[in-house]
Structure formats: C-alpha cells, structure tokens
Number of protein chains: 2
Amino acid sequence: MPVPASVQLGSGQLLIDSSFSVAITGAQDAMLKDGIDRFMTQLSQQTGIPFRRGAAEHGATLTIRAQRKSEATQTLGEDESYELTVNPLGAQLTAPNPLGILHGLQTFLQLVQPTQTGFAAPVVTIKDAPRFAWRGLLIDVCRHFIPLDVLKRNVDGLAAVKMNVLHLHLSDNEGFRMESKKFPKLTEDGSNGFYYTQAEMREFIAYAHDRGVRVVPEFDVPGHSRSWLVGYPELASGPGPYTLVSTADPVMDPTQEATYKFLDKFIAEMAGLFPDAYFHIGGDEVNGAQWNANPQIQSFIRAHGMKNNQDLQAYFNQRLQKIVSKHHKTMIGWDEVLHPDLPKSIVVQSWRGPQSLAVAAKQGYSGLLSSGYYLDLIWPASRHYMTEPISGDATALTPDEKKHILGGEACMWSELVTYETIDSRIWPRTGAIAERLWSPAALQNQEAQDVASMYRRLAELSWHLELLGLTHRSAPTEMLHRMLGSDDISALRTLADVLEPVKDYTRADSIKQPADNSVPLNHLVDALSPESDVARNFRDLVQTYVQSGYKDQDADRQIRTWLTKWSENDAKLHPELEQSFLLKEVEPLSQDLSAVSATGLAALDYLDKSEASPDAWRAQQLLLMASAKTAKAEMLLMIVDPVQQLVEASGHPGRMP
Amino acid sequence: MPVPASVQLGSGQLLIDSSFSVAITGAQDAMLKDGIDRFMTQLSQQTGIPFRRGAAEHGATLTIRAQRKSEATQTLGEDESYELTVNPLGAQLTAPNPLGILHGLQTFLQLVQPTQTGFAAPVVTIKDAPRFAWRGLLIDVCRHFIPLDVLKRNVDGLAAVKMNVLHLHLSDNEGFRMESKKFPKLTEDGSNGFYYTQAEMREFIAYAHDRGVRVVPEFDVPGHSRSWLVGYPELASGPGPYTLVSTADPVMDPTQEATYKFLDKFIAEMAGLFPDAYFHIGGDEVNGAQWNANPQIQSFIRAHGMKNNQDLQAYFNQRLQKIVSKHHKTMIGWDEVLHPDLPKSIVVQSWRGPQSLAVAAKQGYSGLLSSGYYLDLIWPASRHYMTEPISGDATALTPDEKKHILGGEACMWSELVTYETIDSRIWPRTGAIAERLWSPAALQNQEAQDVASMYRRLAELSWHLELLGLTHRSAPTEMLHRMLGSDDISALRTLADVLEPVKDYTRADSIKQPADNSVPLNHLVDALSPESDVARNFRDLVQTYVQSGYKDQDADRQIRTWLTKWSENDAKLHPELEQSFLLKEVEPLSQDLSAVSATGLAALDYLDKSEASPDAWRAQQLLLMASAKTAKAEMLLMIVDPVQQLVEASGHPGRMP
C-alpha cells in the first residue's frame, strides 16, 4: 500500500536471511546511504534477523542504482519513479534519483513476508510512479502543540506510504509555534512556551528531507491570527490588548503599511529557514467584524474602489504574494485566496471541495484537495478513500487543465487531539488517502476501488506502522489502563472495540474547549479508534449470514459467539465503570451493548428455528435499537445496525432476503 | 511497589485536577528541578491532564522540601529516606536530600488512581527508607549489544521501583563495548562496531544520576577477556591471534608486568570516565587451560610459592586491587575474588548463593547477592521474590556482620536477549526483586511475603512501566504480528498466553549461539512472557474449584470458558502456523493445548455429574498430560498441571480434595 502502477507477479521467491546484503552501483549520496541504513534497520525489525552492516560483499542480495544524486531541496514534480525486480537469486532496484529509491525500498519492505521456507519476497517486476506530485499531510500544531518526536515518527509513517509533504500549520489564534528571532514576542507572548526553536526546525527539516518529505510551513494571515497580536497588537484591525486565553477572532489590518513591513521582514526570515519552494499564508475564514467596525478600514475600502471585505482581502493577498515572491517562494492559500486579481502562480488548497478545484483549474490556478480528507471528522477510511480529487466538474477538464490539480493533503486539525492521541487519528487511515493520491486512476477504478481489499491492506499497514514507532494502537491501550486504574482492561476493551467517536463537528461543537486547551482529552472517546474494525467485520458477518438465507452455519456460530460475549460483558464491566469518574458516562453504552446483543441472540433463535418473531416483540426491540443508536458521551455503538437487521429478518424467517 | 517501610492510611483523598501544582520550599538544585519536571510529565501521562508548568502559585497542591542539595556523585549508603503526607487539601514531601524526594515522588505517582470523583491520592502518611543500600540491575551489553536508548528507558524503570544501581557488564569474550582512547583497538577490533563512545557514556551517566541511579562499570578480567585480546594479543596467556568469532576462552597473563601496566593505564582512563566509587573487575570463571599449558606461567606459580591457579588469580587480584585503589575506587568482583590475601575493602558479588555472602561477611568482606536474581533463567517472579539475601547461615550473623550484606543485583545476561526482547525479560519481574531489597524485613515476613499480593501489585506496575516507555508488552505483540505476517494474531496470542520459555540454561545449552550472535532470536519463545499470567490465574481458578469440593459454580463456568476457547483454538491456528517457517515448530504445542483442554472439559463433565471417570480413560489422559508437559521448541505448556488435577479428581468426584 499504496498499490504500485504496474505489478507483474512471477513464480518463486527471494529468501531473506542473515546473508542479506545491499550493493550500490549508481550515484551515491548521504540521502541514499542513510535511506539504506534505515531500510536495513527496518528489515531487521520486520524479521528479527540481525543483518551485518557495512559495504556489501560480492553478490549482494539487493542491488541499488540511482542515476543521479539528490537535489539539496526536494521539489514538486521531482521524478519519484522506480523499478523493482525481484528474482530468486537477487533483486534490483533502479530509479532516476534517491527519492525513487526510497519509495522502492518501502515497496520491498512491504513484499517481505514469512513463508514456509523463510522470510521472503515474491518474484515480481514492479514499475511505479505516483499519480499526483503533491501527497501531503497537514498537522495543526497550534490548537494542541505536537512535540517534534511525534512529528518525526509521523514523517516515518508518511515515508512508509510514499507521501511527500508535511504541511505544518504553525500559527493560529491559539498559539504561535515557530521561533522568530526578528520578532521574538511572537513566541514569548503567543505560545505559552510551546514552540519550535529554529535550530530544532532545521534539524527536523533535514530529518524529513532524508525521508523524501518536504516540509511546507503555513503562517495563517490575516485571520486566525490572535497569537501574533498578543505580542504585536499594532498589527490588528481593532484595539487590543489580545490574550491567548480568549475567544476573540481578530484580523490583521491590511490598510497600514506597517503590516506589510512586518510581514516582509517575517517572511524573509522564514523563507530562509524553510527551504521548500512553497509558502502557505493561510488566508481562510477571515472574520469581517473588526474590518466592519473600523471606520478607517472602511474608508480605505471606499477610497480604493473596492466593493467589500473580500476585495480588501484580495488586495492584502496581492501585496502578500509580492512579498512571498520577492523571497523566492510560491504562495499557497486556502480557497478564499482565489481571486482574479491574484497571479496564476499561486496554489489554492481547497477545504471546500473538488468543485472549487475544478473552478480554479479552469481559470489556470493550481490546486490541492483537502476537503474529504479531514481526519478530525472521524470518518471511516473508506470515505476518505472514495474521495477523488478529479471528480464532478473536474472530470470534464481538458488534460492540461487537469494538470493543475496537483494532488491533495490529509488534514489533522488538532482541536481534539493531543501528542498522545494524534497518531491514532492519523493512522492507519492516512494510508487510504496515500493510496488514492499515489496509485493510477485506472487502478483506482478496479482493484484499489475495492474497499474490502483496501481494508485488508490497511490492517497490515497498521501493525507495520507500530513496528516503525507509531503509537496508534499502543497509546490507546495505555489510556484504557489509566482510566480504569487497572491492569485488567479486557471488559472495557470489549466495549471500546465496538464504539466509535461521533462524527463531523459534533464533539467540537459540544466540548467548548477553552482557548488554553485545559480540558483533558482523556475520556473513552479519545481512546477509541476512529472506526471499529470489530463492528465492520461483524456487519460483514451478518451480511454473509443474511445473504445465505440464514443457512450459513459457520456465520451463525460466529455471530452467536460475538453476541454471547457482548451480552455477558456488562455484568463484568459495570462494577468497574462505577469506580472511575471518567467511565461513569460509559455505563449506558455498556448496558446497550449487552441488551442489544441479547436481542440479537433472541432474533437468531427465531431465525434458526424458522419461526417468525412476534410483531409486538419486534416493535419493542426496534425501540431499543433506536435508543441504542443515539450518541452517548460523544460515542456511537456500532453493532446496532446489523443486530437490527437480524431483528427485522426474524419477522419473516422463511423469506429470502 | 515496593511496599514502604511505614504506611498509615487515613480517610478521604486529595483530588488531582488541572489546578495541580508543586512548590519547593527547601534546597533547590538541578536534580530536584528535573525530577519534578519528569514527575509532572509522568503525572500528566498517568491522568491525561495537561498541567500548567512553571513556578507554583500560592497554595501548591504538593509541597516539597529537601534539607540539602544533591552530591555531585551519588554514594553508597546515602540517605534515601523520605516522608510523604497526603491530606485532602494538599500533600507534603520531605527528605534529607533530592534522592529521597525522587523516591517519594515515585510513591506519590503510585498513589494516584481514578476514583469516583476524579483522579486522586488517598489520605496517607508514609515514612520510608530502603532496607538495603545497594539495589541494582546488571545488564550484560556484550553478548548482545544494548543501545543507549534501551538502557535509558530501563533506568526509568529502575527509578520507578526505587532501585539505585545499574551495573554495566562492559566487556566479555563476545565484545568490548566501551571506547578507550588510550587503547583504541579494544573497540576497533573487539566490538564489531557496537560500543559506546565516551561522550555517549558521560551523557548516559548524567541521565542515570538525574534519576538516582549509580552506573557501576564492569570490565571482566583476567578471564572472559577474548574481546580485549583481539586487538591486544600480547596480554594473553597463550599464543594468538584471537577473533571475536571463535569459541576460545583465553585468559590474561598475570605473570608479566606488561599486563599490569596496560590495566593501570586503562583503569586510570575508566576511573576518570565513571564517577562511581566502585569499579567491578569481574574475576569470574577463569579457565585454567591456558595457564596450565604455559610452562612459563607454571614456573612463575612455583617460583612464587603458590599452590595452584587459584593462588595465581589471587595474586592477580591483589595487584589489580592496588591499581583500582590507586585510582580511588573500591574494587568489586564475583565470588572467585574472595581470598584471604585480599583486603577487606573489596566487595564480593555472589553468583553462587547467599551461603557465599555469609562466609564473606563472617570474614569481614562486604557482599551483594545475585544468585537467585538471574533474570535469564526465566523463573517466575515469585521465585526471585522469595530469594532473601540474609538467609541460611547469614541469619546467624551478628548485626554488625549482617551490615556487610549490602544488597543485591538482578542480572540480565544477554546471550538470549536482544534490544527488542530485553525489556520483557527485565520487566515486570525486577519489580519483585526491587521490593525484596527495599521493603523492611519485618514486612517481608508479612504483607510482602504474600505472593498473591505481590502479583497483584506487579500487574499494576507492569502497565505503569509501559506508560513510562518500556516495551515489555508492546514489543512481543509486534513480534507475534511479524512471525505470522498478519494483522490478526488472536489465535496465536491465545496460545502464546499459556506458554512459557524453558527454564534455567536449557535453551542456552541447546541453541549453540555462535559468538557473532547471528542466530536470530525471533521465534515464539522469544516473544513469550517469562511467566504466563493466564496459566497462573487458571491454576488458581482450578484450585478454588477443587477446594470448593467441585461446587463453586462460578469457578466451574470460568474454567469451562477457558477450556472451550483453548479446545477450539487449534482449528483456527493450525492453518496459520503452517504458513510460517517460524511457527511450524509451534504446531505440536497448539495441538496439545486443544487436546489437553478437551480432556479438561471431559473431566469437568464427570465432576459436574459426580460420576467417576473410567480408570482406563484416566490412564490414557494422564499419558497425554505427561507428553504435553515436555518442552517443545524450547517452550512449556503451562496449563497441563491444573488440567491433570481435574483429570485425577474425576476418578473420585465424591471425595473431598
């Protein structure tokens, strides 16, 4: 995962044992060498075999040839292709550059599996290249600060699924996270002490570059800018003072020259720190209140023949674009920056939808899709997977216009995640988005569109990612221990495994997280996986059973095993829940699980006996189902639908579904 | 864990919420400040509450007072006591020095639990101090190299259970792991590239010191010294050359002055690097073959009026002791260094048993117990827990003689562990040893001797240690994934949970690990816990059932649930095992589990019906039990004994046990 562009499977396999070695025959540089070192470490972790390091001897198992060395700075559209041939006697990996080699090594790692004769990679010829050049993940480090070690392991994850951009959302109302030496009050007053120093960021950028990941910085202006204004209130459109701990949503003043002088100096500094060619200025959700309330700004609008605040923002963006351009960067912004006055060189990142991308492409603007890839909405991986950047009106674009659609970015907004839970929100679901953006459109309509296949591969990716150091599985386990205060979490886990957090902005709207983020995110909802694999598999099992006309004995037995376990779970769990203030809110869900499962068992009994259940019983049970389907403590019980299916079917057990 | 010397529980509790803060009223230094920072991080991890950092405001929740600052180097016998008082309105922690404060903070962390009203610590007064001054863990970093990050997280673990010494076994036949600038060939030729630089070691020692852990280095001479001789064969008693990859067991030549000149220069360098007052010279298992074969050495023995090789080693040790002492260190060695010619200042570490300690103490030598604490023997925690340093003849020592017994060290010899599995061999079992060495003798004979209570507390310790970063639970999980090559490890885990590795030196004797450690330790036996909690709990359950006269319905039901699960497990697991070369060896164990469990169910049926099982059936089943009890692929099936108990009982179901 992601599925390569072309795979030709042969017969036989290449054994991987302690004699495994690598030889480099082409260009050599630090990126390649470090990449191969990491590859050997990962292969060792994946097999438990302690390989000998150092220069390969005669007859290496894997021969690597890059045609040329890496660029000092990775660029958009750089050739990322590679070819990998595995034969029983050895493997060859070739690519135009080390970047392609890194991708090929990841593919090789995914090929290695235990077999009857040893760890081995199958005989195969793979020719691979990405469909989109921009395959990114945005991490919002403002709402909750994310330490660099967490970012680093997420970069490892991105590299594993061949994504190539980490977009850091570095400033927002809640915090300014990047040290500026020119404007030290940005972090002194605007970060609560949680920010990256320039030395740290330089080291981090090098880390990401080594792994084929570009770091694109975003400093959001003129809105979402309260954290700037705490230390520099003179930039604001309204009177300060401003504090981090408030809910004000101020906007910079685009009518004063001092604002542009400040931003020029600031962007000059940041352009020197961040080597990437792109520079993201945010530009989203500008709240017009301060502009409307400021007579000087309103007269500026009239004086310059503008119609409204949108025109004023376009004016601001034009000025900003010139500054960004002066510092040799290409400007990116969110949907709102799209305005006919802006040059075609800017890139638009769409949080609104593929439709915006189509409109932009039609006008000659390049764009990225993020709508549909918001990880904080807690959607199932399948929904992200089905989100296609070239869809709707975009399918009617000319091939040249389509080229303006550069790719997309998964977005991890951090209002409801911490350093501890962020891995579990990003992974493994981002793997599905990575595949959507990498694998060819033709495959997307065949194999890759097969959601079941995607989920199978996503599950394998998931444990590989833990092996790599991500904590999306282990951290939630620890959270269950601590909310129960106990080593025995079996009953709580049984419940947690069939729950999901509520979707969309339901929780964000209800939690009223204060600006200082002092509300602990340590509830059961925080320790849940965004989607319940157990519930999905149970749903499939019920589907199989129903489609067999209630004849599939094996499915029947498995459904019974699950329902029995669940129906008995509350008896064990209830007393445990009563002991912890964090888990009191979970009691109704635990009761629902056992009650719904008992109903399911009764429905199964009717179906097994081919005896219609009484109408009154069904009506009563359907009321229970309706109540069990409502969200409780921001969580949803995910097995209600399939049980309801059994209940409904029990009304006419003789009828084929 | 470990149980404090004195605990007085009150009523009520101190709530821990986001307003929690710490104030320092006594002495302040970096050790204290860093310790409190780590404490806040750990409390945050343990509760999920994001505490505000920085100086405590008025009315701190926890007030800390150390009477004086830390010493630059931690010393043996330094006061480690503390007093902790928790009241509903606040807590006070006082100690003579920051070391005691660190211990008290660990106790506070263990007190914090989720309650019905919030995270809270109970109202309590604790007065605590260690029973023994030397409470250590030896890690052998030679047989398998252990990277510093692994050592660091183990230091965190030691601090959590109030242990205060990490003894690094830094040289042995298989590798020399410490950089010497004076003798660079020690690591250039003798380490295969796996060693610690001096800068790394300095940073590591500071890390351990910050956590109240002394780092005691061991350089093993004159035996166990092949790695020295690869680069410096002139030190040997027999002709070289020597290589790491051989099984030779050469010994240094104690008859030539050049040996002492070398060791003087080397120890001078290491004495400067390691600040601890103690310096371990090994001295164990000197193989006399080279001495016997060297006529010059034999004539030296005769010329100096010595009787044998033991006398020669004593001569060597006397010379060495003078060198160690010249560099202001106290010499430690294993049992064999004990010899009347050595000064009373040396310390003897006993791998032979408490008896040696008693003999040494009687003669006025100080000693440490390690016999009974060898973690590589894969004993249950209870067996280590019952190993008492002052036992046998030692109980008859005078109080002053008893003072010579300084404490003990758990020993993690690394022939059969890697960086990946070492945590699971050390933890949580070392917690039981820590309690033995910390808690007062009086308590050891009451509460702490209660093995069931020890296991309950050990289980809680275990998940806290994972939260702290140890991987004794998560790493084995990943290993199951990789040997199966699959995300679904449920059936393999069910089996693994009732298996244990073979004990003592059974596996070491059979594996014939070559000197280069190229045999991968990636089998199921490597991923097993040293003791099966599931099997222990099952044994207790059967015990309860039997002692109830086969009447305990709840125990009956639980036993049945387990046996049913196990009896069905092989059907799912068998096809999975067939796919992986690593798991073929596991098939007989999987079959045994299911067969033994089926037998157990049949025996239960007889008991439930109060009907005697036929003699012939029992005889046949007991044969199966005998076969199922034999080790297979270096693993033992741990549920056979309790099932056998059921089978035997089924012969006379009416008779009370």
# chains A, B, ... in the order shown; residues from 1 in each chain; ligands from 1
>>> interface_residues(of="chain B", to="chain A", cutoff="6 Å", atoms="only C-alpha atoms", output="PDB file with C-alpha atoms, in the first residue's frame")
ATOM      1  CA  GLY B  48      -4.211  12.638  30.662  1.00  0.00           C
ATOM      2  CA  ILE B  49      -4.449  16.034  32.329  1.00  0.00           C
ATOM      3  CA  GLN B 113      -5.744   6.469  40.879  1.00  0.00           C
ATOM      4  CA  PRO B 114      -9.023   7.256  39.151  1.00  0.00           C
ATOM      5  CA  THR B 115     -11.792   7.371  41.747  1.00  0.00           C
ATOM      6  CA  GLN B 116     -15.491   8.109  41.624  1.00  0.00           C
ATOM      7  CA  THR B 117     -14.837  11.824  41.924  1.00  0.00           C
ATOM      8  CA  GLY B 118     -11.643  12.244  39.908  1.00  0.00           C
ATOM      9  CA  ALA B 459       0.495  -6.383  37.327  1.00  0.00           C
ATOM     10  CA  GLU B 460      -0.287  -2.756  38.129  1.00  0.00           C
ATOM     11  CA  GLY B 485       2.971 -11.886   8.814  1.00  0.00           C
ATOM     12  CA  ASP B 487      -2.668  -8.324  11.497  1.00  0.00           C
ATOM     13  CA  PRO B 520      18.012 -14.563  15.081  1.00  0.00           C
ATOM     14  CA  ASN B 522      12.759 -14.156  16.551  1.00  0.00           C
ATOM     15  CA  GLN B 579       2.199 -20.692   6.521  1.00  0.00           C
ATOM     16  CA  SER B 580       5.230 -19.525   8.502  1.00  0.00           C
ATOM     17  CA  PHE B 581       8.559 -21.322   8.820  1.00  0.00           C
TER      18      PHE B 581
END
>>> select_by_dssp(residues="stretch 181-289 of chain A", states="strand (DSSP E)", output="list of chain:residue names")
A:Arg214, A:Val215, A:Val216, A:Pro217, A:Glu218, A:Phe219, A:Asp220, A:Val221, A:Tyr278, A:Phe279, A:His280, A:Ile281, A:Gly282
>>> select_by_dssp(residues="stretch 536-651 of chain A", states="helix (DSSP H, G or I)", output="ChimeraX atom specification")
/A:536-547,553-578,584-608,615-628,640-649
>>> residues_around(residues="stretch 361-367 of chain A", least_positions_apart="4", cutoff="6 Å", atoms="only C-alpha atoms", output="VMD selection string")
chain A and resid 344 347 to 349 357 401 404 to 406
>>> residues_around(residues="A:Pro440", least_positions_apart="4", cutoff="10 Å", atoms="only C-alpha atoms", output="PyMOL selection string")
chain A and resi 2-6+128-132+435-436+444-445+448
>>> residues_around(residues="B:Pro147", least_positions_apart="5", cutoff="12 Å", atoms="only C-alpha atoms", output="VMD selection string")
chain B and resid 139 to 142 152 to 154 177 194 to 197 200 to 201 204 418 to 420 422
>>> residues_around(residues="stretch 9-12 of chain A", least_positions_apart="4", cutoff="9 Å", atoms="only C-alpha atoms", output="mmCIF file with all heavy atoms, in the first residue's frame")
data_model
loop_
_atom_site.group_PDB
_atom_site.id
_atom_site.type_symbol
_atom_site.label_atom_id
_atom_site.label_comp_id
_atom_site.auth_asym_id
_atom_site.auth_seq_id
_atom_site.Cartn_x
_atom_site.Cartn_y
_atom_site.Cartn_z
ATOM 1 N N VAL A 86 12.410 -8.489 -8.539
ATOM 2 C CA VAL A 86 12.833 -9.494 -7.571
ATOM 3 C C VAL A 86 12.909 -10.840 -8.276
ATOM 4 O O VAL A 86 11.950 -11.264 -8.938
ATOM 5 C CB VAL A 86 11.851 -9.583 -6.383
ATOM 6 C CG1 VAL A 86 12.310 -10.645 -5.380
ATOM 7 C CG2 VAL A 86 11.694 -8.236 -5.708
ATOM 8 N N ASN A 87 14.061 -11.475 -8.214
ATOM 9 C CA ASN A 87 14.266 -12.820 -8.741
ATOM 10 C C ASN A 87 14.712 -13.723 -7.601
ATOM 11 O O ASN A 87 15.142 -13.232 -6.555
ATOM 12 C CB ASN A 87 15.343 -12.800 -9.832
ATOM 13 C CG ASN A 87 14.808 -12.144 -11.098
ATOM 14 O OD1 ASN A 87 13.784 -12.556 -11.624
ATOM 15 N ND2 ASN A 87 15.491 -11.093 -11.546
ATOM 16 N N PRO A 88 14.664 -15.043 -7.813
ATOM 17 C CA PRO A 88 15.071 -15.932 -6.711
ATOM 18 C C PRO A 88 16.515 -15.703 -6.280
ATOM 19 O O PRO A 88 16.879 -15.969 -5.143
ATOM 20 C CB PRO A 88 14.893 -17.330 -7.292
ATOM 21 C CG PRO A 88 13.874 -17.173 -8.362
ATOM 22 C CD PRO A 88 14.104 -15.808 -8.950
ATOM 23 N N ALA A 121 10.664 -12.400 -0.306
ATOM 24 C CA ALA A 121 9.898 -11.517 -1.180
ATOM 25 C C ALA A 121 9.541 -12.321 -2.428
ATOM 26 O O ALA A 121 10.378 -13.082 -2.926
ATOM 27 C CB ALA A 121 10.723 -10.293 -1.551
ATOM 28 N N PRO A 122 8.320 -12.167 -2.934
ATOM 29 C CA PRO A 122 7.938 -12.932 -4.116
ATOM 30 C C PRO A 122 8.655 -12.415 -5.365
ATOM 31 O O PRO A 122 9.044 -11.243 -5.427
ATOM 32 C CB PRO A 122 6.429 -12.683 -4.222
ATOM 33 C CG PRO A 122 6.213 -11.364 -3.561
ATOM 34 C CD PRO A 122 7.237 -11.295 -2.464
ATOM 35 N N VAL A 123 8.835 -13.295 -6.352
ATOM 36 C CA VAL A 123 9.376 -12.875 -7.642
ATOM 37 C C VAL A 123 8.368 -11.937 -8.303
ATOM 38 O O VAL A 123 7.184 -12.271 -8.433
ATOM 39 C CB VAL A 123 9.647 -14.106 -8.537
ATOM 40 C CG1 VAL A 123 9.885 -13.680 -9.976
ATOM 41 C CG2 VAL A 123 10.843 -14.881 -7.988
ATOM 42 N N VAL A 124 8.823 -10.746 -8.684
ATOM 43 C CA VAL A 124 7.897 -9.729 -9.166
ATOM 44 C C VAL A 124 8.665 -8.662 -9.938
ATOM 45 O O VAL A 124 9.871 -8.468 -9.712
ATOM 46 C CB VAL A 124 7.142 -9.092 -7.957
ATOM 47 C CG1 VAL A 124 8.062 -8.183 -7.159
ATOM 48 C CG2 VAL A 124 5.904 -8.329 -8.393
ATOM 49 N N THR A 125 7.993 -8.038 -10.887
ATOM 50 C CA THR A 125 8.543 -6.849 -11.528
ATOM 51 C C THR A 125 7.563 -5.708 -11.305
ATOM 52 O O THR A 125 6.385 -5.810 -11.650
ATOM 53 C CB THR A 125 8.756 -7.074 -13.033
ATOM 54 O OG1 THR A 125 9.677 -8.148 -13.201
ATOM 55 C CG2 THR A 125 9.316 -5.820 -13.696
ATOM 56 N N ILE A 126 8.055 -4.647 -10.699
ATOM 57 C CA ILE A 126 7.201 -3.500 -10.363
ATOM 58 C C ILE A 126 7.759 -2.261 -11.047
ATOM 59 O O ILE A 126 8.951 -1.973 -10.949
ATOM 60 C CB ILE A 126 7.155 -3.297 -8.831
ATOM 61 C CG1 ILE A 126 6.351 -4.437 -8.182
ATOM 62 C CG2 ILE A 126 6.566 -1.936 -8.480
ATOM 63 C CD1 ILE A 126 6.336 -4.393 -6.669
#
